[in-house]
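Student: File final.tsv below, TSV, N, CA and C atoms:
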```tsv
chain	number	residue	atom	x	y	z
A	248	GLN	N	12.61	0.24	6.55
A	248	GLN	CA	11.70	-0.38	5.58
A	248	GLN	C	10.36	-0.64	6.27
A	249	ARG	N	9.28	-0.16	5.66
A	249	ARG	CA	7.96	-0.36	6.24
A	249	ARG	C	7.44	-1.74	5.89
A	250	GLN	N	7.00	-2.47	6.90
A	250	GLN	CA	6.47	-3.82	6.69
A	250	GLN	C	5.25	-4.07	7.56
A	251	LEU	N	4.40	-4.96	7.06
A	251	LEU	CA	3.25	-5.45	7.80
A	251	LEU	C	3.31	-6.96	7.80
A	252	VAL	N	3.05	-7.56	8.95
A	252	VAL	CA	3.03	-9.01	9.05
A	252	VAL	C	1.71	-9.43	9.69
A	253	GLU	N	0.94	-10.24	8.95
A	253	GLU	CA	-0.31	-10.78	9.48
A	253	GLU	C	-0.06	-12.12	10.15
A	254	SER	N	-0.86	-12.43	11.13
A	254	SER	CA	-0.81	-13.74	11.78
A	254	SER	C	-2.19	-14.05	12.34
A	255	GLY	N	-2.37	-15.31	12.73
A	255	GLY	CA	-3.62	-15.70	13.37
A	255	GLY	C	-4.58	-16.48	12.50
A	256	GLY	N	-4.24	-16.67	11.25
A	256	GLY	CA	-5.12	-17.46	10.40
A	256	GLY	C	-5.07	-18.93	10.75
A	257	GLY	N	-5.95	-19.70	10.11
A	257	GLY	CA	-5.97	-21.13	10.36
A	257	GLY	C	-7.26	-21.76	9.91
A	258	LEU	N	-7.47	-22.98	10.37
A	258	LEU	CA	-8.68	-23.74	10.05
A	258	LEU	C	-9.63	-23.68	11.23
A	259	VAL	N	-10.88	-23.34	10.96
A	259	VAL	CA	-11.87	-23.24	12.03
A	259	VAL	C	-13.20	-23.79	11.51
A	260	GLN	N	-14.00	-24.34	12.40
A	260	GLN	CA	-15.31	-24.86	12.02
A	260	GLN	C	-16.31	-23.72	11.85
A	261	PRO	N	-17.33	-23.93	11.06
A	261	PRO	CA	-18.38	-22.91	10.95
A	261	PRO	C	-18.94	-22.54	12.32
A	262	GLY	N	-19.15	-21.26	12.52
A	262	GLY	CA	-19.61	-20.76	13.81
A	262	GLY	C	-18.48	-20.42	14.77
A	263	GLY	N	-17.26	-20.77	14.40
A	263	GLY	CA	-16.11	-20.51	15.25
A	263	GLY	C	-15.57	-19.10	15.11
A	264	SER	N	-14.45	-18.85	15.81
A	264	SER	CA	-13.85	-17.52	15.85
A	264	SER	C	-12.35	-17.60	15.60
A	265	LEU	N	-11.83	-16.52	15.06
A	265	LEU	CA	-10.39	-16.33	14.91
A	265	LEU	C	-10.08	-14.85	15.13
A	266	ARG	N	-8.88	-14.56	15.59
A	266	ARG	CA	-8.43	-13.18	15.66
A	266	ARG	C	-7.15	-13.04	14.86
A	267	LEU	N	-7.21	-12.20	13.86
A	267	LEU	CA	-6.05	-11.90	13.05
A	267	LEU	C	-5.32	-10.70	13.62
A	268	SER	N	-3.99	-10.73	13.53
A	268	SER	CA	-3.17	-9.60	13.94
A	268	SER	C	-2.39	-9.07	12.75
A	269	CYS	N	-2.12	-7.80	12.79
A	269	CYS	CA	-1.35	-7.13	11.73
A	269	CYS	C	-0.34	-6.24	12.45
A	270	THR	N	0.91	-6.65	12.45
A	270	THR	CA	1.94	-5.93	13.18
A	270	THR	C	2.83	-5.15	12.22
A	271	ALA	N	2.99	-3.87	12.52
A	271	ALA	CA	3.77	-2.99	11.66
A	271	ALA	C	5.19	-2.83	12.19
A	272	SER	N	6.11	-2.69	11.27
A	272	SER	CA	7.49	-2.37	11.65
A	272	SER	C	8.03	-1.32	10.67
A	273	GLY	N	8.92	-0.48	11.19
A	273	GLY	CA	9.51	0.56	10.35
A	273	GLY	C	8.71	1.84	10.29
A	274	PHE	N	7.57	1.88	10.95
A	274	PHE	CA	6.77	3.10	10.99
A	274	PHE	C	5.77	3.01	12.15
A	275	ALA	N	5.22	4.15	12.52
A	275	ALA	CA	4.26	4.20	13.62
A	275	ALA	C	2.85	4.03	13.08
A	276	LEU	N	2.22	2.95	13.47
A	276	LEU	CA	0.90	2.62	12.95
A	276	LEU	C	-0.14	3.67	13.32
A	277	GLU	N	0.11	4.44	14.36
A	277	GLU	CA	-0.86	5.45	14.80
A	277	GLU	C	-1.21	6.44	13.69
A	278	TYR	N	-0.28	6.71	12.80
A	278	TYR	CA	-0.51	7.73	11.77
A	278	TYR	C	-1.09	7.15	10.48
A	279	TYR	N	-1.48	5.88	10.55
A	279	TYR	CA	-2.01	5.20	9.38
A	279	TYR	C	-3.36	4.58	9.68
A	280	ALA	N	-4.28	4.72	8.75
A	280	ALA	CA	-5.49	3.92	8.81
A	280	ALA	C	-5.14	2.51	8.33
A	281	VAL	N	-5.87	1.54	8.82
A	281	VAL	CA	-5.62	0.14	8.47
A	281	VAL	C	-6.85	-0.43	7.77
A	282	GLY	N	-6.61	-1.09	6.69
A	282	GLY	CA	-7.68	-1.79	5.99
A	282	GLY	C	-7.43	-3.28	6.01
A	283	TRP	N	-8.50	-4.03	6.13
A	283	TRP	CA	-8.45	-5.49	6.02
A	283	TRP	C	-9.17	-5.88	4.73
A	284	PHE	N	-8.52	-6.73	3.95
A	284	PHE	CA	-9.06	-7.19	2.68
A	284	PHE	C	-8.97	-8.71	2.65
A	285	ARG	N	-9.71	-9.33	1.75
A	285	ARG	CA	-9.61	-10.77	1.60
A	285	ARG	C	-9.79	-11.16	0.14
A	286	GLN	N	-9.20	-12.30	-0.20
A	286	GLN	CA	-9.35	-12.82	-1.55
A	286	GLN	C	-9.61	-14.30	-1.49
A	287	ALA	N	-10.79	-14.68	-1.93
A	287	ALA	CA	-11.18	-16.09	-1.99
A	287	ALA	C	-10.72	-16.68	-3.32
A	288	PRO	N	-10.55	-18.00	-3.38
A	288	PRO	CA	-10.11	-18.63	-4.62
A	288	PRO	C	-11.03	-18.29	-5.79
A	289	GLY	N	-10.44	-17.84	-6.88
A	289	GLY	CA	-11.20	-17.53	-8.07
A	289	GLY	C	-11.98	-16.23	-8.02
A	290	LYS	N	-11.77	-15.45	-6.96
A	290	LYS	CA	-12.52	-14.19	-6.83
A	290	LYS	C	-11.56	-13.02	-6.71
A	291	GLU	N	-12.09	-11.82	-6.95
A	291	GLU	CA	-11.28	-10.62	-6.78
A	291	GLU	C	-11.14	-10.29	-5.30
A	292	ARG	N	-10.08	-9.59	-4.99
A	292	ARG	CA	-9.89	-9.15	-3.61
A	292	ARG	C	-10.98	-8.14	-3.26
A	293	GLU	N	-11.47	-8.22	-2.02
A	293	GLU	CA	-12.53	-7.32	-1.58
A	293	GLU	C	-12.19	-6.77	-0.20
A	294	GLY	N	-12.76	-5.60	0.08
A	294	GLY	CA	-12.55	-4.99	1.37
A	294	GLY	C	-13.43	-5.63	2.44
A	295	VAL	N	-12.90	-5.72	3.65
A	295	VAL	CA	-13.63	-6.31	4.77
A	295	VAL	C	-13.95	-5.25	5.82
A	296	SER	N	-12.91	-4.53	6.25
A	296	SER	CA	-13.13	-3.49	7.25
A	296	SER	C	-11.96	-2.52	7.23
A	297	THR	N	-12.19	-1.34	7.78
A	297	THR	CA	-11.11	-0.37	7.94
A	297	THR	C	-11.23	0.28	9.31
A	298	ILE	N	-10.13	0.88	9.75
A	298	ILE	CA	-10.12	1.56	11.04
A	298	ILE	C	-9.22	2.79	10.92
A	299	SER	N	-9.61	3.86	11.58
A	299	SER	CA	-8.86	5.12	11.51
A	299	SER	C	-7.53	5.00	12.23
A	300	GLY	N	-6.66	5.97	11.98
A	300	GLY	CA	-5.36	5.97	12.63
A	300	GLY	C	-5.45	5.96	14.14
A	301	HIS	N	-6.35	6.79	14.66
A	301	HIS	CA	-6.51	6.87	16.12
A	301	HIS	C	-7.21	5.64	16.66
A	302	GLY	N	-7.94	4.94	15.80
A	302	GLY	CA	-8.67	3.76	16.23
A	302	GLY	C	-10.08	4.03	16.69
A	303	ASP	N	-10.59	5.24	16.43
A	303	ASP	CA	-11.90	5.62	16.94
A	303	ASP	C	-13.00	5.60	15.89
A	304	ALA	N	-12.69	5.18	14.70
A	304	ALA	CA	-13.70	5.08	13.65
A	304	ALA	C	-13.46	3.80	12.85
A	305	THR	N	-14.54	3.13	12.52
A	305	THR	CA	-14.44	1.88	11.78
A	305	THR	C	-15.46	1.84	10.65
A	306	TYR	N	-15.21	0.95	9.71
A	306	TYR	CA	-16.09	0.79	8.55
A	306	TYR	C	-16.07	-0.69	8.19
A	307	TYR	N	-17.26	-1.23	7.88
A	307	TYR	CA	-17.36	-2.67	7.60
A	307	TYR	C	-18.12	-2.92	6.31
A	308	GLU	N	-17.69	-3.96	5.63
A	308	GLU	CA	-18.45	-4.46	4.50
A	308	GLU	C	-19.71	-5.12	5.04
A	309	ASP	N	-20.80	-5.03	4.28
A	309	ASP	CA	-22.10	-5.45	4.81
A	309	ASP	C	-22.12	-6.89	5.31
A	310	SER	N	-21.47	-7.80	4.61
A	310	SER	CA	-21.59	-9.22	4.97
A	310	SER	C	-20.91	-9.57	6.28
A	311	VAL	N	-20.05	-8.69	6.80
A	311	VAL	CA	-19.35	-9.00	8.04
A	311	VAL	C	-19.83	-8.15	9.21
A	312	LYS	N	-20.72	-7.21	8.96
A	312	LYS	CA	-21.23	-6.36	10.04
A	312	LYS	C	-21.88	-7.21	11.11
A	313	GLY	N	-21.54	-6.92	12.35
A	313	GLY	CA	-22.09	-7.67	13.48
A	313	GLY	C	-21.33	-8.94	13.80
A	314	ARG	N	-20.45	-9.36	12.90
A	314	ARG	CA	-19.66	-10.59	13.15
A	314	ARG	C	-18.17	-10.27	13.32
A	315	PHE	N	-17.67	-9.31	12.58
A	315	PHE	CA	-16.25	-8.96	12.63
A	315	PHE	C	-16.08	-7.62	13.36
A	316	THR	N	-14.98	-7.52	14.08
A	316	THR	CA	-14.64	-6.26	14.77
A	316	THR	C	-13.17	-5.96	14.55
A	317	THR	N	-12.88	-4.74	14.10
A	317	THR	CA	-11.51	-4.34	13.93
A	317	THR	C	-11.10	-3.37	15.03
A	318	SER	N	-9.85	-3.46	15.44
A	318	SER	CA	-9.35	-2.60	16.51
A	318	SER	C	-7.86	-2.35	16.29
A	319	LYS	N	-7.31	-1.41	17.05
A	319	LYS	CA	-5.88	-1.10	16.97
A	319	LYS	C	-5.33	-0.91	18.37
A	320	ASP	N	-4.10	-1.32	18.56
A	320	ASP	CA	-3.34	-1.00	19.75
A	320	ASP	C	-2.09	-0.29	19.26
A	321	ASN	N	-2.16	1.04	19.23
A	321	ASN	CA	-1.04	1.79	18.66
A	321	ASN	C	0.22	1.65	19.49
A	322	ALA	N	0.07	1.41	20.77
A	322	ALA	CA	1.25	1.21	21.62
A	322	ALA	C	2.00	-0.06	21.23
A	323	LYS	N	1.26	-1.04	20.72
A	323	LYS	CA	1.88	-2.29	20.26
A	323	LYS	C	2.12	-2.30	18.76
A	324	ASN	N	1.75	-1.20	18.11
A	324	ASN	CA	1.92	-1.10	16.66
A	324	ASN	C	1.22	-2.23	15.92
A	325	THR	N	0.05	-2.60	16.42
A	325	THR	CA	-0.67	-3.76	15.90
A	325	THR	C	-2.15	-3.46	15.74
A	326	ALA	N	-2.71	-3.96	14.64
A	326	ALA	CA	-4.15	-3.91	14.42
A	326	ALA	C	-4.69	-5.33	14.47
A	327	TYR	N	-5.98	-5.43	14.76
A	327	TYR	CA	-6.60	-6.74	14.93
A	327	TYR	C	-7.89	-6.82	14.13
A	328	LEU	N	-8.23	-8.03	13.74
A	328	LEU	CA	-9.54	-8.32	13.16
A	328	LEU	C	-10.10	-9.52	13.90
A	329	GLN	N	-11.07	-9.27	14.76
A	329	GLN	CA	-11.75	-10.34	15.48
A	329	GLN	C	-12.89	-10.83	14.62
A	330	MET	N	-12.89	-12.11	14.30
A	330	MET	CA	-13.89	-12.68	13.42
A	330	MET	C	-14.68	-13.73	14.18
A	331	ASN	N	-15.97	-13.49	14.35
A	331	ASN	CA	-16.86	-14.41	15.04
A	331	ASN	C	-17.91	-14.95	14.07
A	332	GLU	N	-18.57	-16.00	14.49
A	332	GLU	CA	-19.64	-16.60	13.67
A	332	GLU	C	-19.17	-16.84	12.23
A	333	LEU	N	-17.99	-17.39	12.11
A	333	LEU	CA	-17.41	-17.59	10.79
A	333	LEU	C	-18.24	-18.57	9.96
A	334	MET	N	-18.26	-18.29	8.67
A	334	MET	CA	-19.02	-19.10	7.72
A	334	MET	C	-18.08	-19.58	6.62
A	335	PRO	N	-18.43	-20.66	5.94
A	335	PRO	CA	-17.56	-21.15	4.86
A	335	PRO	C	-17.24	-20.08	3.82
A	336	GLU	N	-18.17	-19.17	3.57
A	336	GLU	CA	-17.91	-18.13	2.58
A	336	GLU	C	-16.91	-17.08	3.06
A	337	ASP	N	-16.48	-17.16	4.31
A	337	ASP	CA	-15.41	-16.29	4.81
A	337	ASP	C	-14.03	-16.84	4.47
A	338	THR	N	-13.98	-18.05	3.93
A	338	THR	CA	-12.70	-18.65	3.57
A	338	THR	C	-11.98	-17.80	2.53
A	339	ALA	N	-10.75	-17.42	2.83
A	339	ALA	CA	-9.99	-16.54	1.93
A	339	ALA	C	-8.61	-16.31	2.52
A	340	VAL	N	-7.75	-15.70	1.73
A	340	VAL	CA	-6.51	-15.15	2.25
A	340	VAL	C	-6.82	-13.72	2.69
A	341	TYR	N	-6.49	-13.41	3.92
A	341	TYR	CA	-6.78	-12.10	4.49
A	341	TYR	C	-5.51	-11.26	4.52
A	342	TYR	N	-5.65	-10.02	4.08
A	342	TYR	CA	-4.53	-9.08	4.02
A	342	TYR	C	-4.84	-7.84	4.85
A	343	CYS	N	-3.82	-7.29	5.47
A	343	CYS	CA	-3.96	-5.95	6.03
A	343	CYS	C	-3.11	-4.99	5.18
A	344	ALA	N	-3.51	-3.76	5.20
A	344	ALA	CA	-2.81	-2.73	4.44
A	344	ALA	C	-2.99	-1.40	5.16
A	345	VAL	N	-2.11	-0.45	4.89
A	345	VAL	CA	-2.19	0.84	5.58
A	345	VAL	C	-2.24	1.98	4.59
A	346	GLU	N	-2.93	3.02	5.03
A	346	GLU	CA	-3.09	4.23	4.24
A	346	GLU	C	-2.71	5.41	5.11
A	347	TYR	N	-1.76	6.19	4.62
A	347	TYR	CA	-1.28	7.33	5.39
A	347	TYR	C	-2.08	8.58	5.03
A	348	GLY	N	-2.28	9.41	6.03
A	348	GLY	CA	-2.92	10.68	5.75
A	348	GLY	C	-3.65	11.22	6.96
A	349	SER	N	-3.52	12.54	7.19
A	349	SER	CA	-4.18	13.16	8.34
A	349	SER	C	-5.70	13.06	8.24
A	350	SER	N	-6.20	12.91	7.00
A	350	SER	CA	-7.66	12.79	6.82
A	350	SER	C	-8.22	11.58	7.52
A	351	TRP	N	-7.38	10.58	7.70
A	351	TRP	CA	-7.85	9.31	8.24
A	351	TRP	C	-7.48	9.10	9.70
A	352	TYR	N	-7.11	10.17	10.40
A	352	TYR	CA	-6.77	9.98	11.82
A	352	TYR	C	-8.01	9.69	12.65
A	353	HIS	N	-9.11	10.37	12.32
A	353	HIS	CA	-10.36	10.14	13.05
A	353	HIS	C	-11.48	9.66	12.13
A	354	ARG	N	-11.15	9.29	10.90
A	354	ARG	CA	-12.15	8.77	9.97
A	354	ARG	C	-11.65	7.46	9.41
A	355	ALA	N	-12.57	6.53	9.21
A	355	ALA	CA	-12.19	5.26	8.60
A	355	ALA	C	-12.33	5.36	7.08
A	356	PRO	N	-11.31	5.00	6.35
A	356	PRO	CA	-11.40	5.07	4.89
A	356	PRO	C	-12.27	3.95	4.33
A	357	THR	N	-12.55	4.03	3.05
A	357	THR	CA	-13.27	2.95	2.39
A	357	THR	C	-12.24	2.01	1.75
A	358	PHE	N	-12.64	1.31	0.71
A	358	PHE	CA	-11.81	0.21	0.22
A	358	PHE	C	-11.14	0.50	-1.12
A	359	ARG	N	-10.71	1.74	-1.33
A	359	ARG	CA	-10.00	2.05	-2.57
A	359	ARG	C	-8.56	1.53	-2.43
A	360	GLU	N	-8.30	0.39	-3.02
A	360	GLU	CA	-7.03	-0.29	-2.81
A	360	GLU	C	-5.82	0.55	-3.23
A	361	TYR	N	-5.98	1.37	-4.26
A	361	TYR	CA	-4.83	2.15	-4.74
A	361	TYR	C	-4.37	3.18	-3.72
A	362	GLU	N	-5.17	3.45	-2.71
A	362	GLU	CA	-4.78	4.42	-1.68
A	362	GLU	C	-3.93	3.78	-0.59
A	363	TYR	N	-3.86	2.47	-0.56
A	363	TYR	CA	-3.10	1.77	0.48
A	363	TYR	C	-1.70	1.49	-0.05
A	364	ASP	N	-0.69	1.92	0.69
A	364	ASP	CA	0.64	1.88	0.11
A	364	ASP	C	1.57	0.83	0.72
A	365	VAL	N	1.17	0.16	1.77
A	365	VAL	CA	1.95	-0.96	2.30
A	365	VAL	C	0.98	-2.10	2.57
A	366	TRP	N	1.33	-3.29	2.11
A	366	TRP	CA	0.48	-4.47	2.26
A	366	TRP	C	1.24	-5.59	2.95
A	367	GLY	N	0.52	-6.37	3.74
A	367	GLY	CA	1.10	-7.57	4.32
A	367	GLY	C	1.09	-8.71	3.33
A	368	GLN	N	1.63	-9.84	3.76
A	368	GLN	CA	1.77	-10.99	2.87
A	368	GLN	C	0.52	-11.87	2.83
A	369	GLY	N	-0.36	-11.66	3.76
A	369	GLY	CA	-1.60	-12.42	3.80
A	369	GLY	C	-1.53	-13.61	4.74
A	370	THR	N	-2.68	-13.98	5.27
A	370	THR	CA	-2.79	-15.16	6.12
A	370	THR	C	-4.06	-15.91	5.71
A	371	GLN	N	-3.96	-17.23	5.62
A	371	GLN	CA	-5.07	-18.05	5.15
A	371	GLN	C	-6.06	-18.31	6.27
A	372	VAL	N	-7.33	-18.09	5.97
A	372	VAL	CA	-8.43	-18.45	6.87
A	372	VAL	C	-9.31	-19.45	6.13
A	373	THR	N	-9.50	-20.61	6.73
A	373	THR	CA	-10.33	-21.66	6.13
A	373	THR	C	-11.42	-22.03	7.12
A	374	VAL	N	-12.66	-21.90	6.67
A	374	VAL	CA	-13.81	-22.24	7.52
A	374	VAL	C	-14.47	-23.48	6.92
A	375	SER	N	-14.34	-24.58	7.64
A	375	SER	CA	-14.83	-25.85	7.10
A	375	SER	C	-15.06	-26.83	8.23
A	376	SER	N	-16.04	-27.70	8.05
A	376	SER	CA	-16.29	-28.74	9.03
A	376	SER	C	-15.56	-30.03	8.65
```
Once you've parsed the file, please lay out its structure as structure tokens.

Tutor:
Amino acid sequence: QRQLVESGGGLVQPGGSLRLSCTASGFALEYYAVGWFRQAPGKEREGVSTISGHGDATYYEDSVKGRFTTSKDNAKNTAYLQMNELMPEDTAVYYCAVEYGSSWYHRAPTFREYEYDVWGQGTQVTVSS
């Protein structure tokens, strides 16, 4: 059974940092691109960043460029989202999801949610003083 488990969320002050992890089980993460999404209260889910299967290509939503970095350690079957300079508007439940396909081994996909076929349960990130 393919599963994703996110961890690393929590409460942080504005300007602080968090690193989210997304650990896969039941499949080899190397052959999947990973997308990070978030959903704030009362808002639709939105894409944050994506990374190719090999880990050599990334894509970011404009509001997080320069602050967030996504990476993968395929040997550990884990993807990461390093979030720096956090702002209150980053408060949301963060999800990771995977998209299979040879097209995405060296290319980062965009945020078409219907293309992602396994999703994690989400982890809460709260940015507040």

Student: If you measure from atom C of Gly294 of chain A to atom CA of Gly257 of chain A, what distance in Å do you get, rounded to one decimal?

Tutor: 18.9 Å

Student: From the list A:Val345, A:Thr317, A:Asp337, A:Gln260, which residue is nearest Ala304 of chain A when using only N, CA and C atoms?

Tutor: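 Nearest candidate to Ala304 of chain A out of A:Val345, A:Thr317, A:Asp337, A:Gln260: A:Thr317.
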
Student: Find the distance between atom C of Thr316 of chain A and atom C of Thr370 of chain A and write it in Å to one decimal.

Tutor: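 Atom C of Thr316 of chain A sits 16.1 Å away from atom C of Thr370 of chain A.
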
Student: If I take atom CA of Tyr361 of chain A and atom CA of Arg285 of chain A, how far is one from the other in Å, to one decimal?

Tutor: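 Calculated distance between atom CA of Tyr361 of chain A and atom CA of Arg285 of chain A is 15.2 Å.
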
Student: Counting all atoms listed in the file, which residue out of A:Leu333, A:Ala271, A:Cys343, A:Tyr352 sits closest to Val365 of chain A?

Tutor: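 The closest residue to Val365 of chain A is A:Cys343.
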
Student: Identify, on the basis of all atoms listed in the file, every residue whose closest approach to Gly348 of chain A does not exceed 7 Å; exclude the query and any residue fewer than 2 positions from it along the same chain; express the result as number ranges by chain.

Tutor: A: 278-280, 346, 350-352

Student: Quick one: DSSP strand (DSSP E) residues in segment 256-356 of chain A, as a PyMOL selection string?

Tutor: chain A and resi 257-259+265-272+279-286+293-298+305-307+315-320+325-330+339-347
